[in-house]
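Q: Okay, here's the structure, questions in a sec.
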Amino acid sequence: MTVYILCFILFLVGLYGLITRRNLIKIVISLCIMEFSIFLMLALIGYIDSGIAPIIRPDTIGQTYVDPLPQAMVLTAIVIGLATTALLLAIAIRLYGKYGTFDIREINNLRG
Amino acid sequence: MQGMSVIVKKVTQLIAGIIFLYGIYIIIHGHLTPGGGFAGGALIAGSFILLILAFGSDILKLKQEETGSSITENIAILMVLLIAVMGLLFGAKVFFINYLPVGTAGKLISAGVIPLYNIFIGIEVAAAILTIFLALVIFKEESTK
């Protein structure tokens, strides 16, 4: 149970960075930390104590394997996270080209 | 973008080749050990990104590299589709079927077409991550000019 609580604490660290930082790049990093806390939790759900990697070979038949299904799901989620991070960074670079800063308090021309 | 200091350049020269070889190892042992196409492709792309960051490059050359990596990515994903369609022609005529001889489990050359999928997915992921990186660099150079 402790590992899930630690994952939740890591999620809260990312959330704290997301709502308190003013720099766009730091906001993207905070989002990545939140993402990877969720990946860690999903991979830990499939973990079995003293289990080995789920690759069936003649010398490992009969031993305990960890669950491969959450691992496959986490792999898909990592690919999606890569794409969303690239999109966020592209938007941040375009905003930097337009305003000359990463500070979200300065980026306010959409107001009114 | 300009390069970094001479210490960074020297260390990059020493370790970039090792990272590249480790990525190839992860890809070709994808059916025997944890890892596979995606992890190895990310490692190979990392070695290229390290070289570009350390040595720098002008924007025209970066555009040529982006065209090349984009074409490589498209060809690799087309090869994956081609191998999958070949299953419709041989044996049980099922899409994505394993039509090559399987061999003994645990050997390097075994498991039929799965190592081929791993190799082409590795090339595809490496070229795709490199394309994303180069697109972001070109985007930044153009928007801050």
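Letters for chains follow the order of the structure tokens (A, B, ...), residue numbers begin at 1 for each chain, and ligand numbers begin at 1 in the order shown.
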Taking only C-alpha atoms into account, produce a table as a Markdown table in which each residue of chain B with an atom at most 7 Å from an atom of chain A appears once, together with its shortest atom pair and the distance in Å to one decimal, ordered by chain and rising number.

A:
```
| residue | atom | partner | partner_atom | distance |
| --- | --- | --- | --- | --- |
| B:Leu32 | CA | A:Ile55 | CA | 6.8 |
| B:Pro34 | CA | A:Ala53 | CA | 6.9 |
| B:Ala105 | CA | A:Arg57 | CA | 5.9 |
| B:Gly106 | CA | A:Arg57 | CA | 5.7 |
| B:Leu136 | CA | A:Ala90 | CA | 6.3 |
| B:Lys140 | CA | A:Ile93 | CA | 6.0 |
| B:Ser143 | CA | A:Gly97 | CA | 4.8 |
| B:Thr144 | CA | A:Gly97 | CA | 5.3 |
```

Q: So which residues touch region 41-52 of chain B within 7 Å, counting only C-alpha atoms, skipping near sequence neighbours fewer than 6 positions away, as a ChimeraX atom specification?

A: /B:12,16,19-20,23,122-123,125-127,129-130

Q: Using Å and a single decimal, report how far CA of Val102 (chain B) sits from CA of Ile61 (chain A).

A: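 Result for CA of Ile61 (chain A) versus CA of Val102 (chain B): 18.1 Å, one decimal.
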
Q: When you draw a straight line from CA of Ile52 (chain A) to CA of Tyr99 (chain B), how long is it in Å?

A: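 According to the coordinates, CA of Ile52 (chain A) and CA of Tyr99 (chain B) are separated by 29.0 Å.
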
Q: Would you mind telling me which residue in B:Phe55, B:Phe120, B:Phe133, B:Tyr25 lies nearest to Leu82 (chain B) when using only C-alpha atoms?

A: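 Selected residue with least distance to Leu82 (chain B): B:Phe120.
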
Q: Give the alpha helix (DSSP H) residues of region 4-128 of chain B, as DSSP finds them on the backbone, and put them as an MDAnalysis selection string.

A: chainID B and resid 6:28 37:55 59:86 114:128

Q: Quick one: residues within 10 Å of Met41 (chain A), only C-alpha atoms, excluding same-chain residues fewer than 6 positions away - as a PyMOL selection string?

A: chain A and resi 3-8+47+70+74

Q: Please list as a list in words every residue within 12 Å of Gly17 (chain A), counting only C-alpha atoms and excluding residues in the same chain fewer than 6 positions away.

A: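 In the requested form, the answer reads Leu10, Phe11, Asn23, Leu24, Ile25, Lys26, Ile27, Val28, Ile29, Ser30, Leu31, Cys32, Ile33 and Met34 of chain A.
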
Q: Would you save the residues of that selection, restricted to C-alpha atoms, as a tab-separated table (two decimals), in the first residue's frame?

A:
```
chain	number	residue	atom	x	y	z
A	10	LEU	CA	4.66	12.23	-6.56
A	11	PHE	CA	1.42	13.17	-8.35
A	23	ASN	CA	7.35	29.51	-16.47
A	24	LEU	CA	5.82	27.55	-19.37
A	25	ILE	CA	8.73	25.06	-19.55
A	26	LYS	CA	8.42	24.35	-15.81
A	27	ILE	CA	4.68	23.77	-16.28
A	28	VAL	CA	5.46	21.19	-19.00
A	29	ILE	CA	7.98	19.50	-16.67
A	30	SER	CA	5.33	19.37	-13.91
A	31	LEU	CA	2.87	17.75	-16.30
A	32	CYS	CA	5.51	15.13	-17.14
A	33	ILE	CA	6.01	14.39	-13.43
A	34	MET	CA	2.24	13.87	-13.00
```

Q: Smallest atom-to-atom distance to Val137 (chain B): which of B:Met86, B:Leu62, B:Ile26, B:Ala54, using only C-alpha atoms?

A: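 Once distances to Val137 (chain B) are computed over only C-alpha atoms, the minimum belongs to B:Leu62.
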
Q: Could you pull the residues within 9 Å of Arg105 (chain A), counting only C-alpha atoms, minus those fewer than 3 positions along the same chain, as number ranges by chain?

A: A: 22, 102, 108

Q: Store the residues picked out above in a file with C-alpha atoms, as a CSV table (one decimal), in the first residue's frame.

A:
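What ended up in result_13.csv:
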```csv
chain,number,residue,atom,x,y,z
A,22,ARG,CA,4.9,30.8,-13.9
A,102,PHE,CA,8.0,32.2,-21.1
A,108,ASN,CA,-2.1,38.2,-21.8
```
